[in-house]
$ cat run-v4.cif   # mmCIF, C-alpha atoms
data_model
#
loop_
_atom_site.label_atom_id
_atom_site.label_comp_id
_atom_site.auth_asym_id
_atom_site.auth_seq_id
_atom_site.Cartn_x
_atom_site.Cartn_y
_atom_site.Cartn_z
CA MET A 1 -2.97 -1.29 31.02
CA ASN A 2 -6.60 -0.46 31.53
CA LEU A 3 -9.37 -1.39 29.13
CA GLN A 4 -9.56 2.03 27.49
CA GLU A 5 -5.81 2.04 26.73
CA HIS A 6 -6.05 -1.48 25.36
CA ILE A 7 -8.90 -0.48 23.04
CA ARG A 8 -6.90 2.51 21.76
CA LYS A 9 -3.91 0.26 21.10
CA VAL A 10 -6.01 -2.27 19.17
CA LEU A 11 -7.63 0.49 17.11
CA ARG A 12 -4.23 1.98 16.23
CA GLU A 13 -2.98 -1.43 15.11
CA GLU A 14 -6.12 -2.08 13.08
CA THR A 15 -5.73 1.18 11.19
CA LYS A 16 -2.23 0.10 10.10
CA LYS A 17 -3.51 -3.05 8.43
CA LEU A 18 -4.42 -3.35 4.81
CA PRO A 19 -8.05 -3.62 3.75
CA ALA A 20 -9.33 -7.13 3.13
CA PHE A 21 -9.64 -6.63 -0.65
CA LEU A 22 -5.86 -6.08 -0.79
CA LEU A 23 -4.98 -8.87 1.62
CA ARG A 24 -6.86 -11.33 -0.60
CA ARG A 25 -4.72 -10.37 -3.58
CA VAL A 26 -1.23 -9.93 -2.09
CA THR A 27 0.92 -12.19 0.06
CA GLU A 28 2.82 -11.02 3.11
CA LYS A 29 6.02 -12.00 1.32
CA LYS A 30 5.26 -9.64 -1.57
CA LEU A 31 4.48 -6.81 0.85
CA ASP A 32 7.80 -7.41 2.63
CA ARG A 33 9.53 -7.25 -0.76
CA LEU A 34 7.83 -3.92 -1.48
CA ILE A 35 9.11 -2.48 1.79
CA LYS A 36 12.63 -3.80 1.12
CA ASP A 37 12.57 -2.23 -2.34
CA VAL A 38 11.57 1.14 -0.87
CA ARG A 39 14.34 0.94 1.74
CA LYS A 40 16.86 0.08 -0.96
CA LYS A 41 15.81 3.02 -3.08
CA ILE A 42 16.13 5.36 -0.09
CA ARG A 43 19.64 4.02 0.60
CA LEU A 44 20.50 4.78 -3.03
CA GLY A 45 19.72 8.45 -2.36
CA PHE A 46 16.11 8.88 -3.42
CA GLU A 47 13.84 11.09 -1.33
CA GLU A 48 11.59 9.01 0.95
CA ASP A 49 8.27 10.07 -0.63
CA GLU A 50 9.65 9.62 -4.14
CA ALA A 51 10.91 6.13 -3.29
CA ILE A 52 7.62 5.14 -1.66
CA TYR A 53 5.38 6.33 -4.49
CA ASP A 54 7.67 4.97 -7.24
CA GLU A 55 7.82 1.52 -5.70
CA VAL A 56 4.12 1.40 -4.79
CA ARG A 57 3.18 2.38 -8.34
CA ASN A 58 5.51 -0.25 -9.75
CA PHE A 59 4.03 -2.81 -7.32
CA ILE A 60 0.48 -1.93 -8.39
CA ALA A 61 1.41 -2.17 -12.06
CA TRP A 62 2.74 -5.72 -11.60
CA GLU A 63 0.41 -7.11 -8.97
CA PHE A 64 -2.90 -5.66 -10.15
CA LEU A 65 -2.37 -5.55 -13.89
CA GLU A 66 -5.35 -7.78 -14.67
CA VAL A 67 -7.65 -5.74 -12.42
CA LEU A 68 -6.55 -2.41 -13.86
CA ASN A 69 -6.60 -3.64 -17.48
CA ARG A 70 -10.36 -4.03 -17.48
CA ASP A 71 -12.44 -1.87 -19.78
CA PHE A 72 -13.65 1.04 -17.66
CA PRO A 73 -16.67 3.05 -18.77
CA ARG A 74 -14.98 6.26 -17.64
CA GLU A 75 -11.32 7.13 -17.12
CA GLN A 76 -12.24 8.36 -13.64
CA ASP A 77 -13.36 4.82 -12.72
CA TYR A 78 -9.83 3.59 -13.47
CA TRP A 79 -8.25 6.26 -11.29
CA ASP A 80 -10.72 5.69 -8.46
CA LEU A 81 -9.75 2.02 -8.39
CA TYR A 82 -6.05 2.86 -8.67
CA ILE A 83 -6.25 5.19 -5.67
CA LYS A 84 -8.13 2.49 -3.77
CA PHE A 85 -4.99 0.34 -4.13
CA GLU A 86 -2.38 3.08 -3.79
CA LYS A 87 -3.46 4.85 -0.60
CA PRO A 88 -3.44 1.86 1.77
CA LEU A 89 -0.18 0.55 0.31
CA VAL A 90 1.53 3.92 0.75
CA ASP A 91 0.19 4.15 4.32
CA LEU A 92 1.48 0.65 5.08
CA VAL A 93 4.94 1.36 3.73
CA LYS A 94 5.16 4.64 5.67
CA THR A 95 4.22 2.92 8.94
CA LYS A 96 6.73 0.12 8.34
CA LEU A 97 9.53 2.59 7.63
CA HIS A 98 9.02 4.57 10.84
#
$ encode --input "run-v4.cif" --output "structure tokens"
Amino acid sequence: MNLQEHIRKVLREETKKLPAFLLRRVTEKKLDRLIKDVRKKIRLGFEEDEAIYDEVRNFIAWEFLEVLNRDFPREQDYWDLYIKFEKPLVDLVKTKLH
């Protein structure tokens, strides 16, 4: 493998990782549990996207309750923070499933 291919591989792997602000708040064990829960829901007959978003939203509700329960000056601030958690978690689950 030449240097350019190696760099591409490292960059691909880095984009699959969670941002540091999430890694500080969630253990690898809890992330594995999230992925197992999504797989279980898919086996039960749920559509893949439905299972992913349902479980990620449930995960956010339990793991980040204290962060999301703050008093936000605007409702949009709440949703901006929520999306900041949701998008990388959904991306992680999708990469782990495929």
$ atom_distance --input "run-v4.cif" --atom1 "atom CA of Arg25 of chain A" --atom2 "atom CA of Lys41 of chain A"
24.5 Å
$ atom_distance --input "run-v4.cif" --atom1 "atom CA of Trp62 of chain A" --atom2 "atom CA of His98 of chain A"
25.5 Å
$ atom_distance --input "run-v4.cif" --atom1 "atom CA of Pro88 of chain A" --atom2 "atom CA of Ile35 of chain A"
13.3 Å
$ resolve_selection --input "run-v4.cif" --expression "the PyMOL selection byres ((chain A and resi 31) around 12)" --output "list in words"
Lys17, Leu18, Leu22, Leu23, Arg25, Val26, Thr27, Glu28, Lys29, Lys30, Asp32, Arg33, Leu34, Ile35, Lys36, Asp37, Val38, Glu55, Val56, Phe59, Ile60, Glu63, Pro88, Leu89, Val90, Leu92, Val93 and Lys96 of chain A
$ residues_around --input "run-v4.cif" --residues "Leu65 of chain A" --least-positions-apart "3" --cutoff "12 Å" --atoms "only C-alpha atoms" --output "short mmCIF file (atom, residue, chain, number, x, y, z; two decimals) with C-alpha atoms, keeping the file's coordinate frame"
data_model
loop_
_atom_site.label_atom_id
_atom_site.label_comp_id
_atom_site.auth_asym_id
_atom_site.auth_seq_id
_atom_site.Cartn_x
_atom_site.Cartn_y
_atom_site.Cartn_z
CA ARG A 25 -4.72 -10.37 -3.58
CA ARG A 57 3.18 2.38 -8.34
CA ASN A 58 5.51 -0.25 -9.75
CA PHE A 59 4.03 -2.81 -7.32
CA ILE A 60 0.48 -1.93 -8.39
CA ALA A 61 1.41 -2.17 -12.06
CA TRP A 62 2.74 -5.72 -11.60
CA LEU A 68 -6.55 -2.41 -13.86
CA ASN A 69 -6.60 -3.64 -17.48
CA ARG A 70 -10.36 -4.03 -17.48
CA TYR A 78 -9.83 3.59 -13.47
CA LEU A 81 -9.75 2.02 -8.39
CA TYR A 82 -6.05 2.86 -8.67
CA PHE A 85 -4.99 0.34 -4.13
#
$ build_atoms --input "run-v4.cif" --residues "segment 42-53 of chain A" --atoms "all heavy atoms" --output "compact mmCIF listing (two decimals), in the frame of the given file"
# COMPACT_ATOMS: atom_id res chain seq x y z
N ILE A 42 15.76 4.26 -0.99
CA ILE A 42 16.13 5.36 -0.09
C ILE A 42 17.63 5.33 0.17
O ILE A 42 18.29 6.38 0.16
CB ILE A 42 15.32 5.28 1.22
CG1 ILE A 42 13.84 5.60 0.94
CG2 ILE A 42 15.88 6.24 2.27
CD1 ILE A 42 12.91 5.30 2.10
N ARG A 43 18.18 4.15 0.40
CA ARG A 43 19.64 4.02 0.60
C ARG A 43 20.42 4.49 -0.62
O ARG A 43 21.55 4.96 -0.50
CB ARG A 43 20.02 2.58 0.94
CG ARG A 43 19.77 2.19 2.37
CD ARG A 43 20.46 0.89 2.74
NE ARG A 43 20.21 -0.22 1.82
CZ ARG A 43 19.18 -1.06 1.91
NH1 ARG A 43 18.31 -0.94 2.87
NH2 ARG A 43 19.04 -2.03 1.02
N LEU A 44 19.84 4.34 -1.80
CA LEU A 44 20.50 4.78 -3.03
C LEU A 44 20.44 6.30 -3.21
O LEU A 44 21.01 6.82 -4.17
CB LEU A 44 19.89 4.08 -4.25
CG LEU A 44 20.17 2.59 -4.36
CD1 LEU A 44 19.36 1.98 -5.49
CD2 LEU A 44 21.66 2.34 -4.56
N GLY A 45 19.73 6.98 -2.31
CA GLY A 45 19.72 8.45 -2.36
C GLY A 45 18.42 9.09 -2.80
O GLY A 45 18.35 10.31 -2.90
N PHE A 46 17.39 8.31 -3.05
CA PHE A 46 16.11 8.88 -3.42
C PHE A 46 15.43 9.48 -2.19
O PHE A 46 15.63 9.00 -1.07
CB PHE A 46 15.18 7.81 -4.02
CG PHE A 46 15.57 7.38 -5.40
CD1 PHE A 46 16.54 6.41 -5.59
CD2 PHE A 46 14.97 7.94 -6.51
CE1 PHE A 46 16.91 6.00 -6.85
CE2 PHE A 46 15.32 7.54 -7.78
CZ PHE A 46 16.29 6.57 -7.96
N GLU A 47 14.65 10.53 -2.40
CA GLU A 47 13.84 11.09 -1.33
C GLU A 47 12.83 10.03 -0.88
O GLU A 47 12.38 9.22 -1.69
CB GLU A 47 13.08 12.33 -1.81
CG GLU A 47 13.96 13.50 -2.17
CD GLU A 47 14.61 14.13 -0.95
OE1 GLU A 47 13.96 14.14 0.11
OE2 GLU A 47 15.75 14.59 -1.08
N GLU A 48 12.47 10.05 0.41
CA GLU A 48 11.59 9.01 0.95
C GLU A 48 10.26 8.95 0.20
O GLU A 48 9.83 7.87 -0.22
CB GLU A 48 11.34 9.26 2.43
CG GLU A 48 10.52 8.16 3.07
CD GLU A 48 10.35 8.34 4.56
OE1 GLU A 48 11.37 8.35 5.28
OE2 GLU A 48 9.20 8.46 4.99
N ASP A 49 9.58 10.09 0.05
CA ASP A 49 8.27 10.07 -0.63
C ASP A 49 8.39 9.60 -2.07
O ASP A 49 7.54 8.85 -2.56
CB ASP A 49 7.62 11.45 -0.58
CG ASP A 49 6.92 11.72 0.73
OD1 ASP A 49 6.71 10.76 1.51
OD2 ASP A 49 6.56 12.89 0.98
N GLU A 50 9.44 10.04 -2.75
CA GLU A 50 9.65 9.62 -4.14
C GLU A 50 9.85 8.10 -4.21
O GLU A 50 9.26 7.43 -5.06
CB GLU A 50 10.86 10.34 -4.71
CG GLU A 50 11.16 9.99 -6.15
CD GLU A 50 12.41 10.65 -6.68
OE1 GLU A 50 13.16 11.28 -5.90
OE2 GLU A 50 12.65 10.53 -7.89
N ALA A 51 10.66 7.57 -3.32
CA ALA A 51 10.91 6.13 -3.29
C ALA A 51 9.63 5.35 -3.00
O ALA A 51 9.34 4.34 -3.65
CB ALA A 51 11.98 5.80 -2.25
N ILE A 52 8.86 5.83 -2.03
CA ILE A 52 7.62 5.14 -1.66
C ILE A 52 6.66 5.11 -2.83
O ILE A 52 6.16 4.05 -3.23
CB ILE A 52 6.96 5.81 -0.43
CG1 ILE A 52 7.81 5.59 0.82
CG2 ILE A 52 5.54 5.29 -0.23
CD1 ILE A 52 7.38 6.40 2.02
N TYR A 53 6.37 6.28 -3.41
CA TYR A 53 5.38 6.33 -4.49
C TYR A 53 5.87 5.60 -5.74
O TYR A 53 5.08 4.91 -6.40
CB TYR A 53 4.99 7.78 -4.81
CG TYR A 53 3.98 8.31 -3.82
CD1 TYR A 53 4.39 9.03 -2.71
CD2 TYR A 53 2.63 8.05 -3.97
CE1 TYR A 53 3.46 9.50 -1.78
CE2 TYR A 53 1.69 8.50 -3.05
CZ TYR A 53 2.12 9.23 -1.96
OH TYR A 53 1.20 9.67 -1.05
